[in-house]
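Text of protein.csv (CSV, C-alpha atoms) as supplied:
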```
chain,number,residue,atom,x,y,z
A,277,MET,CA,19.3,64.9,110.8
A,278,LYS,CA,20.3,61.3,110.3
A,279,ILE,CA,17.7,58.7,110.9
A,280,THR,CA,17.8,54.9,110.3
A,281,ASP,CA,14.8,52.7,109.8
A,282,THR,CA,16.0,49.7,111.7
A,283,HIS,CA,13.3,47.4,110.5
A,284,THR,CA,11.6,47.7,107.1
A,285,HIS,CA,10.6,45.2,104.5
A,286,LEU,CA,11.2,47.3,101.4
A,287,TYR,CA,11.9,44.2,99.3
A,288,MET,CA,8.3,43.0,99.6
A,289,ARG,CA,5.8,43.1,96.6
A,290,GLU,CA,4.0,46.1,98.2
A,291,PHE,CA,6.9,48.3,97.0
A,292,ASP,CA,7.5,46.7,93.6
A,293,GLU,CA,5.9,49.6,91.7
A,294,ASP,CA,7.4,52.6,93.5
A,295,ILE,CA,10.4,51.6,95.6
A,296,ASP,CA,12.6,54.4,94.1
A,297,PHE,CA,10.0,57.0,95.0
A,298,VAL,CA,9.5,55.5,98.5
A,299,ILE,CA,13.2,55.8,99.2
A,300,LYS,CA,13.3,59.3,97.7
A,301,LYS,CA,10.5,60.4,100.0
A,302,ALA,CA,12.2,59.0,103.0
A,303,PHE,CA,15.5,60.8,102.1
A,304,HIS,CA,13.5,64.0,101.9
A,305,LYS,CA,12.4,63.5,105.5
A,306,GLY,CA,16.0,62.7,106.7
A,307,ILE,CA,15.7,58.9,106.8
A,308,ASN,CA,18.7,57.7,104.9
A,309,ARG,CA,19.4,54.1,106.0
A,310,PHE,CA,17.2,51.1,105.9
A,311,LEU,CA,17.8,47.8,107.6
A,312,LEU,CA,16.1,44.9,105.9
A,313,PRO,CA,15.2,41.8,108.0
A,314,SER,CA,14.5,38.5,106.1
A,315,ILE,CA,11.5,36.3,106.7
A,316,ASP,CA,13.1,33.0,105.3
A,317,SER,CA,15.7,32.0,102.7
A,318,SER,CA,13.3,32.8,99.8
A,319,THR,CA,13.3,36.5,100.7
A,320,ILE,CA,17.1,36.9,100.8
A,321,PRO,CA,17.7,37.3,97.0
A,322,SER,CA,15.2,40.2,96.9
A,323,ILE,CA,16.9,41.8,99.9
A,324,LEU,CA,20.4,41.5,98.3
A,325,LYS,CA,19.1,42.9,95.1
A,326,LEU,CA,17.9,46.0,96.9
A,327,GLU,CA,21.3,46.2,98.7
A,328,LYS,CA,23.1,46.1,95.4
A,329,LYS,CA,20.9,48.9,94.0
A,330,TYR,CA,21.3,51.0,97.1
A,331,PRO,CA,24.7,50.3,98.6
A,332,ASN,CA,25.4,51.7,102.0
A,333,ILE,CA,21.8,52.7,102.2
A,334,CYS,CA,20.0,49.3,102.3
A,335,PHE,CA,21.5,46.8,104.7
A,336,PRO,CA,20.5,43.1,104.7
A,337,MET,CA,19.8,40.8,107.6
A,338,VAL,CA,19.4,37.0,107.5
A,339,GLY,CA,17.1,34.9,109.6
A,340,LEU,CA,14.1,32.6,109.8
A,341,HIS,CA,10.9,34.3,111.1
A,342,PRO,CA,9.1,32.2,113.7
A,343,ASN,CA,5.9,32.2,111.6
A,344,LYS,CA,7.8,30.4,108.9
A,345,VAL,CA,8.9,27.6,111.1
A,346,ASP,CA,7.6,24.3,109.6
A,347,PRO,CA,8.7,21.1,111.3
A,348,TYR,CA,8.8,19.3,108.0
A,349,SER,CA,11.2,21.6,106.4
A,350,LEU,CA,12.9,23.2,109.4
A,351,GLU,CA,16.4,21.6,109.1
A,352,LYS,CA,16.6,22.3,105.4
A,353,GLU,CA,15.5,25.9,105.9
A,354,LEU,CA,18.0,26.5,108.7
A,355,GLN,CA,20.7,25.0,106.5
A,356,ASN,CA,19.7,27.4,103.7
A,357,ILE,CA,19.9,30.3,106.1
A,358,LYS,CA,23.3,29.2,107.4
A,359,THR,CA,24.6,28.8,103.8
A,360,TRP,CA,23.7,32.4,103.1
A,361,LEU,CA,25.2,33.6,106.4
A,362,HIS,CA,28.6,32.1,105.4
A,363,LYS,CA,28.7,33.4,101.8
A,364,HIS,CA,27.5,37.0,102.3
A,365,SER,CA,27.9,39.8,104.7
A,366,PHE,CA,24.9,40.7,106.8
A,367,ILE,CA,24.4,43.4,109.4
A,368,SER,CA,22.3,41.2,111.8
A,369,ILE,CA,20.6,37.9,112.4
A,370,GLY,CA,16.9,38.7,112.0
A,371,GLU,CA,14.2,38.6,112.2
A,372,ILE,CA,14.1,35.7,114.6
A,373,GLY,CA,12.2,34.8,117.8
A,374,MET,CA,8.9,33.3,118.8
A,375,ASP,CA,5.2,34.0,117.9
A,376,LEU,CA,2.4,32.3,119.9
A,377,HIS,CA,-0.3,34.7,118.7
A,378,LEU,CA,-1.8,32.6,115.9
A,379,GLU,CA,-1.0,29.0,116.9
A,380,THR,CA,1.1,27.2,119.4
A,381,LYS,CA,1.5,23.7,117.9
A,382,PHE,CA,5.2,24.3,116.8
A,383,VAL,CA,6.5,25.8,120.1
A,384,SER,CA,9.4,23.4,120.5
A,385,GLU,CA,10.4,23.9,116.8
A,386,GLN,CA,10.3,27.7,117.2
A,387,GLU,CA,12.4,27.4,120.3
A,388,TYR,CA,14.9,25.2,118.5
A,389,ALA,CA,15.1,27.6,115.5
A,390,PHE,CA,15.5,30.6,117.8
A,391,GLN,CA,18.3,29.1,119.9
A,392,THR,CA,20.1,27.8,116.8
A,393,GLN,CA,20.1,31.3,115.3
A,394,ILE,CA,21.2,33.0,118.5
A,395,GLN,CA,24.2,30.6,118.5
A,396,TRP,CA,25.1,31.8,115.0
A,397,ALA,CA,24.8,35.4,116.1
A,398,LYS,CA,27.2,34.8,119.0
A,399,GLN,CA,29.6,33.0,116.8
A,400,LYS,CA,29.6,35.8,114.1
A,401,LYS,CA,29.4,38.5,116.8
A,402,LEU,CA,26.3,39.9,115.1
A,403,PRO,CA,23.3,41.6,116.8
A,404,VAL,CA,19.9,39.9,116.7
A,405,VAL,CA,16.6,41.4,115.7
A,406,LEU,CA,13.9,39.8,117.7
A,407,HIS,CA,10.3,39.0,116.9
A,408,CYS,CA,8.2,38.4,120.0
A,409,ARG,CA,4.4,38.2,119.9
A,410,LYS,CA,2.5,36.7,122.9
A,411,ALA,CA,5.8,34.9,123.8
A,412,PHE,CA,7.7,37.3,126.1
A,413,ASP,CA,8.4,34.7,128.8
A,414,GLN,CA,9.6,32.1,126.4
A,415,VAL,CA,11.8,34.6,124.5
A,416,PHE,CA,13.2,36.1,127.7
A,417,HIS,CA,14.0,32.6,129.1
A,418,ILE,CA,16.0,31.7,126.0
A,419,LEU,CA,17.8,35.0,125.9
A,420,SER,CA,18.7,34.7,129.6
A,421,LYS,CA,20.2,31.3,129.0
A,422,GLU,CA,22.2,32.5,126.0
A,423,LYS,CA,23.3,35.8,127.5
A,424,ASN,CA,27.0,36.6,127.1
A,425,SER,CA,29.1,39.6,126.2
A,426,PHE,CA,28.4,39.1,122.5
A,427,LEU,CA,24.6,38.9,122.7
A,428,LYS,CA,23.1,42.2,121.7
A,429,GLY,CA,20.2,43.3,119.6
A,430,VAL,CA,16.7,44.8,119.3
A,431,LEU,CA,13.3,43.6,120.5
A,432,HIS,CA,11.5,44.6,117.4
A,433,CYS,CA,8.1,46.3,117.6
A,434,PHE,CA,8.1,46.5,121.4
A,435,SER,CA,4.6,46.5,122.8
A,436,GLY,CA,5.1,45.1,126.3
A,437,THR,CA,5.0,46.4,129.8
A,438,LEU,CA,7.4,48.6,131.7
A,439,GLU,CA,8.6,45.6,133.7
A,440,GLN,CA,9.2,43.7,130.5
A,441,ALA,CA,11.1,46.6,129.0
A,442,LYS,CA,13.4,46.8,132.0
A,443,LYS,CA,14.0,43.1,131.9
A,444,ILE,CA,15.0,43.0,128.3
A,445,ILE,CA,17.2,46.1,128.6
A,446,ASP,CA,19.0,44.5,131.6
A,447,ILE,CA,20.3,41.7,129.3
A,448,GLY,CA,21.6,44.1,126.7
A,449,ILE,CA,18.7,44.3,124.2
A,450,LYS,CA,17.3,47.6,122.9
A,451,LEU,CA,13.7,48.4,122.2
A,452,GLY,CA,12.4,48.9,118.7
A,453,ILE,CA,9.9,51.7,118.7
A,454,GLY,CA,7.4,52.1,115.9
A,455,GLY,CA,4.0,53.2,114.9
A,456,ILE,CA,2.3,51.5,117.9
A,457,ILE,CA,3.2,54.5,120.2
A,458,THR,CA,0.9,56.7,118.1
A,459,PHE,CA,-2.2,54.5,118.4
A,460,LYS,CA,-4.9,56.0,120.6
A,461,ASN,CA,-5.2,53.2,123.2
A,462,ASN,CA,-1.6,52.0,123.3
A,463,HIS,CA,0.0,51.7,126.7
A,464,VAL,CA,3.7,51.9,125.8
A,465,SER,CA,3.6,55.7,125.3
A,466,GLN,CA,2.3,56.0,128.9
A,467,PHE,CA,5.5,54.7,130.5
A,468,LEU,CA,8.1,55.1,127.8
A,469,HIS,CA,9.4,58.4,129.3
A,470,LYS,CA,10.8,56.2,132.2
A,471,ILE,CA,13.1,54.4,129.7
A,472,ASN,CA,16.4,56.2,128.9
A,473,LEU,CA,16.6,57.1,125.2
A,474,ASN,CA,20.0,55.2,125.1
A,475,HIS,CA,17.9,52.0,125.0
A,476,LEU,CA,15.8,52.9,121.9
A,477,VAL,CA,16.0,52.6,118.2
A,478,LEU,CA,13.4,53.6,115.6
A,479,GLU,CA,11.6,51.4,113.1
A,480,THR,CA,8.5,51.3,110.8
A,481,ASP,CA,8.1,47.5,110.1
A,482,SER,CA,6.8,48.8,106.7
A,483,PRO,CA,4.6,47.9,104.9
A,484,TYR,CA,2.9,47.0,108.2
A,485,LEU,CA,1.9,49.0,111.3
A,486,SER,CA,1.4,52.5,109.9
A,487,PRO,CA,1.3,55.2,112.5
A,488,HIS,CA,-1.7,57.4,113.1
A,489,PRO,CA,-3.2,59.0,111.0
A,490,PHE,CA,-2.2,56.5,108.3
A,491,ARG,CA,-3.3,53.3,110.2
A,492,GLY,CA,-4.6,50.7,107.8
A,493,LYS,CA,-2.6,52.1,104.8
A,494,ARG,CA,0.7,50.9,103.5
A,495,ASN,CA,3.5,52.0,105.9
A,496,GLU,CA,6.7,53.6,104.6
A,497,PRO,CA,10.0,54.7,106.1
A,498,LYS,CA,9.1,58.4,105.7
A,499,ASN,CA,6.6,57.8,108.5
A,500,LEU,CA,9.5,57.5,111.0
A,501,ARG,CA,9.2,61.3,111.3
A,502,ILE,CA,5.7,60.8,112.8
A,503,ILE,CA,7.1,58.4,115.4
A,504,LEU,CA,10.0,60.8,116.1
A,505,LYS,CA,7.5,63.6,116.7
A,506,LYS,CA,5.6,61.4,119.1
A,507,LEU,CA,8.8,60.6,121.0
A,508,SER,CA,9.6,64.3,121.2
A,509,GLN,CA,6.3,64.9,122.9
A,510,ILE,CA,6.7,61.9,125.3
A,511,TYR,CA,10.2,63.0,126.3
A,512,SER,CA,9.7,66.7,126.1
A,513,THR,CA,12.9,66.9,124.1
A,514,SER,CA,13.5,68.2,120.6
A,515,GLU,CA,13.3,65.9,117.6
A,516,GLU,CA,16.9,66.8,116.7
A,517,LYS,CA,18.2,65.8,120.2
A,518,ILE,CA,16.4,62.5,120.1
A,519,SER,CA,17.5,61.7,116.6
A,520,GLU,CA,21.2,62.4,117.7
A,521,ILE,CA,20.9,60.0,120.6
A,522,ILE,CA,19.2,57.3,118.6
A,523,HIS,CA,21.6,57.7,115.7
A,524,LEU,CA,24.4,56.8,118.1
A,525,ASN,CA,22.5,53.9,119.5
A,526,VAL,CA,22.1,52.5,115.9
A,527,LYS,CA,25.8,53.1,115.1
A,528,LYS,CA,27.0,51.3,118.2
A,529,LEU,CA,24.6,48.4,117.7
A,530,PHE,CA,24.8,47.7,113.9
A,531,PHE,CA,27.8,49.7,112.6
```
Kindly present the structure from the file in structure tokens form.
Amino acid sequence: MKITDTHTHLYMREFDEDIDFVIKKAFHKGINRFLLPSIDSSTIPSILKLEKKYPNICFPMVGLHPNKVDPYSLEKELQNIKTWLHKHSFISIGEIGMDLHLETKFVSEQEYAFQTQIQWAKQKKLPVVLHCRKAFDQVFHILSKEKNSFLKGVLHCFSGTLEQAKKIIDIGIKLGIGGIITFKNNHVSQFLHKINLNHLVLETDSPYLSPHPFRGKRNEPKNLRIILKKLSQIYSTSEEKISEIIHLNVKKLFF
């Protein structure tokens, strides 16, 4: 079984003490590739260090997270990201998008950063990994305007409605499915069976969003097997068959 964690922050300090053991445990569970989204330019050296230590196992992304958008440093930060993009090989532009959950005073700046990075992705023919929290309409509007044959990617940590899922799939974006589907009162697991498996990829967002029964604890890539088991129940299909389909989805999108 070949499983890719398409969204994990293994370079963060939460893994400083035991990163080798974390990766070893994941391998034991069949998870053997890890895609690493950046948060801002300051996180990129740590990501590249992990890529160097685990070549062809850890794969770097580059992007400015919407929660790191600061109008006073935005242009400089985007230039830093762009410089990295031109001097190193990245698997994706991410994680980028919009977040209106905590505050909404930098909406225009978030939109500008998002659109700018989508343009880079289209120029480089790279997929995008999208962060969208309480901002689906805004994100969808921008994606719709930017849509062309080169625009593809993943809506990370999908937690929306069936209607939103269909809309985002229709413009060529896959759904990132993680620990949320194991939560007791989540609604995504109630309709997910209506979405073809060809439109899904797996992720943990570790160290965040641990699946049940580890909610509240540090998340790890090994927990993808819990998410895969839940998908098997939702689709009434074997874990092996689901992993085969999703492995092909990941291969087509990122490799």
Hey, which bits of region 370-406 of chain A sit within 10 Å of region 439-451 of chain A, and for each residue what's the closest pair of atoms and how far apart in Å (one decimal), counting only C-alpha atoms, rows by chain and increasing number, as CSV?
```
residue,atom,partner,partner_atom,distance
A:Pro403,CA,A:Ile449,CA,9.1
A:Val404,CA,A:Ile449,CA,8.8
A:Val405,CA,A:Ile449,CA,9.2
A:Leu406,CA,A:Ile449,CA,9.2
```
Computed gap from CA of Gly339 (chain A) to CA of Glu385 (chain A) is 14.8 Å
Which residues come within 6 Å of region 301-315 of chain A, counting all atoms listed in the file, excluding same-chain residues fewer than 4 positions away, as number ranges by chain? A: 277-285, 319, 333-341, 370-371, 497-498
Across A:Ser519, A:Thr458, A:Thr437, A:Ser317, the smallest distance to Leu354 (chain A), with all atoms listed in the file counted, is shown by A:Ser317
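Shortest separation to Leu485 (chain A) among A:Ala411, A:Val430, A:Leu473, A:Ile503 occurs at residue A:Ile503, atoms counted being all atoms listed in the file.
For the residues A:Glu293, A:Leu438, A:Ser486, A:His377, ranking by smallest atom-to-atom distance to His469 (chain A) using all atoms listed in the file places A:Leu438 first.
Pairwise distance (CA of Ile521 (chain A), CA of Tyr287 (chain A)) equals 28.0 Å.
One finds CA of Val477 (chain A) at 9.2 Å from CA of His432 (chain A).
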